[in-house]
Structures are given as structure tokens and as C-alpha cells.
Amino acid sequence: MILTIRRKNPNSDRTEKKMTEKFRAVADKNTALTIYNRKNRFFTVIRKNLAKDYEIEVDASEAPILNKYLKNPEPYESTMAEMKILEEEVFPINDAIKKVFGDDKGLELNMIKLGIGANKTDYVTIGEKDLVKFDVKPTLNGLINFVEENNESILGFLDCNYSKEEGNVEYLTCVQRNLSENVFSIKLKILASMQQRGLFLKEEHQYYGLQLYIIIESKVINGDKLLEFLKELGIDWELIFFRRRLGIHDWTEMECELNSDNLKSYLRAKFDSLNYFDVNNITRLITKNNLPFIVADKMASLLHSMKTERSFNLNKDNYQKSSFDVNNYSSSEEYSKTLKKAEIVAAAKLAVAYLGIQKEITFDRDVSNAEIIKYKEELTSI
């Protein structure tokens with residue numbers, strides 16, 4: 001595997017956007033989280049696999065005949081999921097939303113079909129519209145109350161809708177909008193994907209693999225309310241991002257130590273004040289002394305700060321003298337000046353000392369110690 005890093009155009013933040021466009025993390029054996037950035041809005045999708053812990057009954061449906069008359073086709077199997085899914089997985093999410101966003105922010109119930117009867121060979125179905133007729137509020141709170149009052153006769157919940165375009169069988173949909181300044185909506189879905197049927201047959205030996213989805217649309221990905229809500233769901237956001245940053249750093253370090261071209265690409269991408277010759281000379285000294293990646297990164301950081309400071313002071317002096325228009329002087333002119341060998345050696349000596357690495361730096365004979373000491377003082381004062 002080869003790491004290729006292109007230098008970012010200073011007039012564009014496209015690189016940063018690509019880095020944050022999509023991110024996925026697996027929290028445990030059943031739960032995965034994906035963040036997607038689209039049009040300045042973040043979509044956090046939490047998926048929980050229900051097939052591992054819950055059973056689902058499958059029977060033949062009347063679709064072979066009904067689909068000749070219906071505009072929207074139904075699946076060819078009738079499926080019933082056990083009520084434990086609602087009680088153990090769905091209702092606690094509603095409680096978490098009310099706890100974080102307020103008691104009036106419970107989820108609205110858009111779609112469900114309950115099976116009510118004596119047993120699974122003797123039952124009738126009622127949908128969300130039927131519940132409204134029985135004076136049940138069209139919210140998840142209303143459903144919770146209805147389930148508690150009729151617990152003995154409710155056998156489970158069934159498939160409600162089949163989308164042939166998406167290949168999804170939907171069992172439950174809920175939504176709440178405008179929860180806070182940064183959280184625009186939270187949607188909850190339980191569905192089974194026909195396109196993933198082979199996976200569940202192989203892994204779980206189940207014909208249908210139910211999955212619970214929580215879709216959060218927000219302005220930012222680190223808002224206080226959003227983080228609090230994720231914490232209520234048992235998702236440690238800080239740990240996930242710490243592991244991600246650590247993993248990226250470890251991977252970058254390994255690739256840069258493996259190949260000097262990767263190190264050059266990394267330094268040019270991260271420190272825009274360092275020109276082509278600066279990066280080559282830094283890499284040459286690192287290779288000559290067999291120094292680790294962390295030393296190169298620290299050296300480049302010191303030299304970048306020195307060049308930036310010099311550019312700032314030069315612009316300031318010229319502005320005060322009014323000798324030329326400061327707007328016509330670009331910091332890139334100062335950045336284009338190649339660093340002296342003594343400056344690079346001074347940065348290396350400071351870097352190994354700062355990092356506690358016991359290493360005597362070897363450098364070219366034409367570099368004077370007096371110059372090294374001078375530049376070490378300049379670098380230390382920044």
C-alpha cells in the first residue's frame with residue numbers, strides 16, 4: 001500500500017471536504033455508525049442488527065393474487081417480529097429523545113402494523129390509522145401506552161410496506177423534527193433489505209434480517225445535544241474519534257517511514273510554507289540520520305513556524321515604512337526562499353531534544369556550528 005498526498009490548493013478546501021464527506025465506525029458486533037456530509041448538513045446513520053438477538057416468523061402472503069390488483073406490490077412472504085424489539089430497542093430511544101430534547105419531543109408514529117389475537121395462527125392486524133380510530137395518539141408515546149394496556153393480546157408487529165425500487169420491507173417508521181437549534185430531525189426505521197437476504201441466510205440462518213436505523217440530520221456533528229443523545233444510546237463519540245485520529249496517525253507514520261517519497265508528500269501537504277527544496281533537504285537529513293517520522297514532523301513544524309514568523313515581520317516592517325503596498329507582497333515570496341542547511345540542522349537538534357531522543361545529528365561539513373547555534377536561538381524564541 002502506497003500513501004499519496006497531494007498538496008492542497010490554498011484557494012480551495014476540497015481536500016478537507018473529501019476527508020469529512022463520509023466516515024464509518026463499528027461500535028460493537030451489532031451496531032455501526034456512519035456520518036455523511038451533504039450540502040452543509042450532516043447525516044448520522046446508526047444501524048443496529050436485530051437478527052442476532054431476535055426471532056422473526058415467516059409465512060406465505062397473498063401477494064401472488066393481491067399484486068394483480070394493487071398499485072404498490074406486497075412482499076411474497078408475511079413476516080411478524082416479536083414485541084421484545086419494540087420494548088427493548090425502540091421505546092428506550094423515545095425515552096432518550098425526551099430526556100435530551102424535552103418531554104414534548106417524542107417521536108411521531110408514521111407506520112406500524114400490529115398483530116392482535118389468541119396465537120400466531122389466529123390473529124388480525126391493525127395499522128397506525130386504526131390506532132387513531134381507537135383514540136391512540138399517533139406518537140410513540142401513544143403506542144407505548146396502547147401496548148402496555150393490551151400486552152397479552154399483542155403477538156408482534158408485521159411488515160407494512162414493500163418498496164420494490166429500494167428492495168426494502170418496512171416494519172416501523174417514526175420521526176421528530178426541529179428538536180434543537182443544531183438537530184433538524186431524528187428518524188427511526190425498522191426494515192429488512194431484500195438485497196442483503198443472502199448475507200443473513202449465510203451468517204444468521206434467517207430468511208429476513210431486521211435492522212434498526214436511527215437517522216439524525218444536524219447542522220454540526222459535535223453539538224452538545226447530539227453528543228448527549230448519542231451518549232444515552234451508549235455510543236462513546238469521543239472514543240470513536242480518538243481511535244480514528246490515532247489510527248490515521250499510525251498509518252501515516254508507518255507509510256512515511258516506509259517510503260521517503262511518502263514523507264515528502266506528507267510534508268508538502270501539511271506545511272505550505274516549505275518549498276520543494278526545503279522538503280527535499282529535510283527528508284535527506286532524516287534519511288541520513290535514520291530518524292523516525294515524529295522527528296521529521298516536529299522539524300517541519302518548527303521551520304514552518306519560523307518561515308511564517310519571518311513573513312509576518314517582513315510585511316509588518318514594510319507596511320510601517322510604507323515603502324510598498326503590503327497587499328502586493330505575498331507571503332509565498334518569503335516561502336519561496338530555500339532554507340539554509342544550518343537552519344534545518346538546528347531544527348533537527350531541537351526536535352530530537354524536545355522528543356527526548358538520544359541521537360547525535362550528522363550533517364554536512366560546510367555547515368558551521370556558529371550558524372546552527374544562531375538558528376537554534378531563533379527557533380526557540382518563536
# chains A, B, ... in the order shown; residues from 1 in each chain; ligands from 1
>>> residues_around(residues="Asn275 of chain A", least_positions_apart="6", cutoff="9 Å", atoms="only C-alpha atoms", output="list of chain:residue names")
A:Arg268, A:Tyr335, A:Ser336, A:Lys337, A:Thr338, A:Leu339
>>> atom_distance(atom1="atom CA of Ser193 of chain A", atom2="atom CA of Ile85 of chain A")
17.4 Å
>>> residues_around(residues="Thr31 of chain A", least_positions_apart="5", cutoff="9 Å", atoms="only C-alpha atoms", output="ChimeraX atom specification")
/A:25-26,46-49
>>> select_by_dssp(residues="segment 68-235 of chain A", states="strand (DSSP E)", output="VMD selection string")
chain A and resid 77 to 81 108 to 111 113 to 119 122 to 127 154 to 158 161 to 163 168 to 177 183 to 193 210 to 218
>>> write_last_selection(atoms="C-alpha atoms", output="PDB file, in the first residue's frame")
ATOM      1  CA  GLU A  77     -43.877 -13.512   2.489  1.00  0.00           C
ATOM      2  CA  SER A  78     -45.796 -12.305   5.520  1.00  0.00           C
ATOM      3  CA  THR A  79     -43.452 -11.682   8.449  1.00  0.00           C
ATOM      4  CA  MET A  80     -44.043 -10.991  12.135  1.00  0.00           C
ATOM      5  CA  ALA A  81     -41.356  -9.692  14.502  1.00  0.00           C
ATOM      6  CA  GLU A 108     -44.327  10.722  15.886  1.00  0.00           C
ATOM      7  CA  LEU A 109     -45.604   7.362  14.673  1.00  0.00           C
ATOM      8  CA  ASN A 110     -45.886   7.173  10.867  1.00  0.00           C
ATOM      9  CA  MET A 111     -46.124   3.465  10.133  1.00  0.00           C
ATOM     10  CA  LYS A 113     -48.901  -2.876  11.833  1.00  0.00           C
ATOM     11  CA  LEU A 114     -49.659  -4.899  14.971  1.00  0.00           C
ATOM     12  CA  GLY A 115     -50.884  -8.477  15.121  1.00  0.00           C
ATOM     13  CA  ILE A 116     -53.618  -8.954  17.752  1.00  0.00           C
ATOM     14  CA  GLY A 117     -55.202 -12.312  18.595  1.00  0.00           C
ATOM     15  CA  ALA A 118     -55.013 -15.570  20.518  1.00  0.00           C
ATOM     16  CA  ASN A 119     -51.943 -17.036  18.801  1.00  0.00           C
ATOM     17  CA  ASP A 122     -55.378 -16.839  14.880  1.00  0.00           C
ATOM     18  CA  TYR A 123     -54.955 -13.059  14.732  1.00  0.00           C
ATOM     19  CA  VAL A 124     -55.971  -9.856  12.946  1.00  0.00           C
ATOM     20  CA  THR A 125     -53.836  -6.824  12.059  1.00  0.00           C
ATOM     21  CA  ILE A 126     -54.313  -3.154  12.930  1.00  0.00           C
ATOM     22  CA  GLY A 127     -52.301  -0.277  11.494  1.00  0.00           C
ATOM     23  CA  ILE A 154     -50.476  -8.284  21.003  1.00  0.00           C
ATOM     24  CA  LEU A 155     -48.456 -11.034  19.318  1.00  0.00           C
ATOM     25  CA  GLY A 156     -45.953  -8.903  17.403  1.00  0.00           C
ATOM     26  CA  PHE A 157     -45.619  -6.366  14.593  1.00  0.00           C
ATOM     27  CA  LEU A 158     -45.697  -7.141  10.881  1.00  0.00           C
ATOM     28  CA  ASN A 161     -44.712  -1.619   3.175  1.00  0.00           C
ATOM     29  CA  TYR A 162     -42.581  -3.091   0.416  1.00  0.00           C
ATOM     30  CA  SER A 163     -40.526  -0.778  -1.796  1.00  0.00           C
ATOM     31  CA  ASN A 168     -36.761  -2.846   1.411  1.00  0.00           C
ATOM     32  CA  VAL A 169     -39.535  -4.262   3.569  1.00  0.00           C
ATOM     33  CA  GLU A 170     -40.511  -1.651   6.178  1.00  0.00           C
ATOM     34  CA  TYR A 171     -41.942  -2.513   9.605  1.00  0.00           C
ATOM     35  CA  LEU A 172     -41.834   0.766  11.539  1.00  0.00           C
ATOM     36  CA  THR A 173     -41.160   4.435  10.767  1.00  0.00           C
ATOM     37  CA  CYS A 174     -41.109   7.329  13.238  1.00  0.00           C
ATOM     38  CA  VAL A 175     -39.873  10.907  13.012  1.00  0.00           C
ATOM     39  CA  GLN A 176     -39.483  14.096  15.034  1.00  0.00           C
ATOM     40  CA  ARG A 177     -38.393  17.403  13.514  1.00  0.00           C
ATOM     41  CA  VAL A 183     -30.574  18.945  15.289  1.00  0.00           C
ATOM     42  CA  PHE A 184     -33.099  19.224  12.458  1.00  0.00           C
ATOM     43  CA  SER A 185     -34.689  15.785  12.688  1.00  0.00           C
ATOM     44  CA  ILE A 186     -34.415  12.267  14.075  1.00  0.00           C
ATOM     45  CA  LYS A 187     -35.951   9.406  12.124  1.00  0.00           C
ATOM     46  CA  LEU A 188     -36.331   5.817  13.265  1.00  0.00           C
ATOM     47  CA  LYS A 189     -36.904   2.885  10.918  1.00  0.00           C
ATOM     48  CA  ILE A 190     -37.056  -0.883  11.199  1.00  0.00           C
ATOM     49  CA  LEU A 191     -36.637  -2.626   7.858  1.00  0.00           C
ATOM     50  CA  ALA A 192     -35.315  -5.708   6.115  1.00  0.00           C
ATOM     51  CA  SER A 193     -33.306  -5.379   2.915  1.00  0.00           C
ATOM     52  CA  LEU A 210     -34.312  -6.983  10.539  1.00  0.00           C
ATOM     53  CA  GLN A 211     -32.284  -3.844  11.125  1.00  0.00           C
ATOM     54  CA  LEU A 212     -32.995  -0.780  13.237  1.00  0.00           C
ATOM     55  CA  TYR A 213     -31.920   2.578  11.790  1.00  0.00           C
ATOM     56  CA  ILE A 214     -31.651   5.930  13.548  1.00  0.00           C
ATOM     57  CA  ILE A 215     -31.091   8.796  11.082  1.00  0.00           C
ATOM     58  CA  ILE A 216     -30.079  12.146  12.590  1.00  0.00           C
ATOM     59  CA  GLU A 217     -29.935  15.269  10.422  1.00  0.00           C
ATOM     60  CA  SER A 218     -27.921  18.063  12.038  1.00  0.00           C
TER      61      SER A 218
END
>>> select_by_dssp(residues="segment 78-309 of chain A", states="helix (DSSP H, G or I)", output="PyMOL selection string")
chain A and resi 84-101+103-105+128-133+140-149+194-203+224-232+237-258+260-270+276-289+293-309
>>> residues_around(residues="Thr380 of chain A", least_positions_apart="5", cutoff="10 Å", atoms="only C-alpha atoms", output="short mmCIF file (atom, residue, chain, number, x, y, z; two decimals) with N, CA and C atoms, in the first residue's frame")
data_model
loop_
_atom_site.label_atom_id
_atom_site.label_comp_id
_atom_site.auth_asym_id
_atom_site.auth_seq_id
_atom_site.Cartn_x
_atom_site.Cartn_y
_atom_site.Cartn_z
N LEU A 302 8.59 23.28 13.24
CA LEU A 302 9.45 24.38 13.70
C LEU A 302 9.84 25.30 12.55
N MET A 306 8.92 29.23 11.77
CA MET A 306 9.95 30.24 11.56
C MET A 306 9.71 31.02 10.27
N ALA A 346 19.59 22.85 12.77
CA ALA A 346 19.16 23.41 14.06
C ALA A 346 17.78 22.88 14.45
N ALA A 347 16.87 22.80 13.47
CA ALA A 347 15.53 22.26 13.74
C ALA A 347 15.60 20.79 14.14
N LEU A 350 16.84 20.53 17.77
CA LEU A 350 15.78 20.91 18.71
C LEU A 350 14.70 19.83 18.77
N TYR A 375 20.57 29.81 14.71
CA TYR A 375 19.22 29.46 14.26
C TYR A 375 18.45 28.68 15.33
#
>>> residues_around(residues="segment 64-66 of chain A", least_positions_apart="4", cutoff="12 Å", atoms="only C-alpha atoms", output="ChimeraX atom specification")
/A:60,70-77
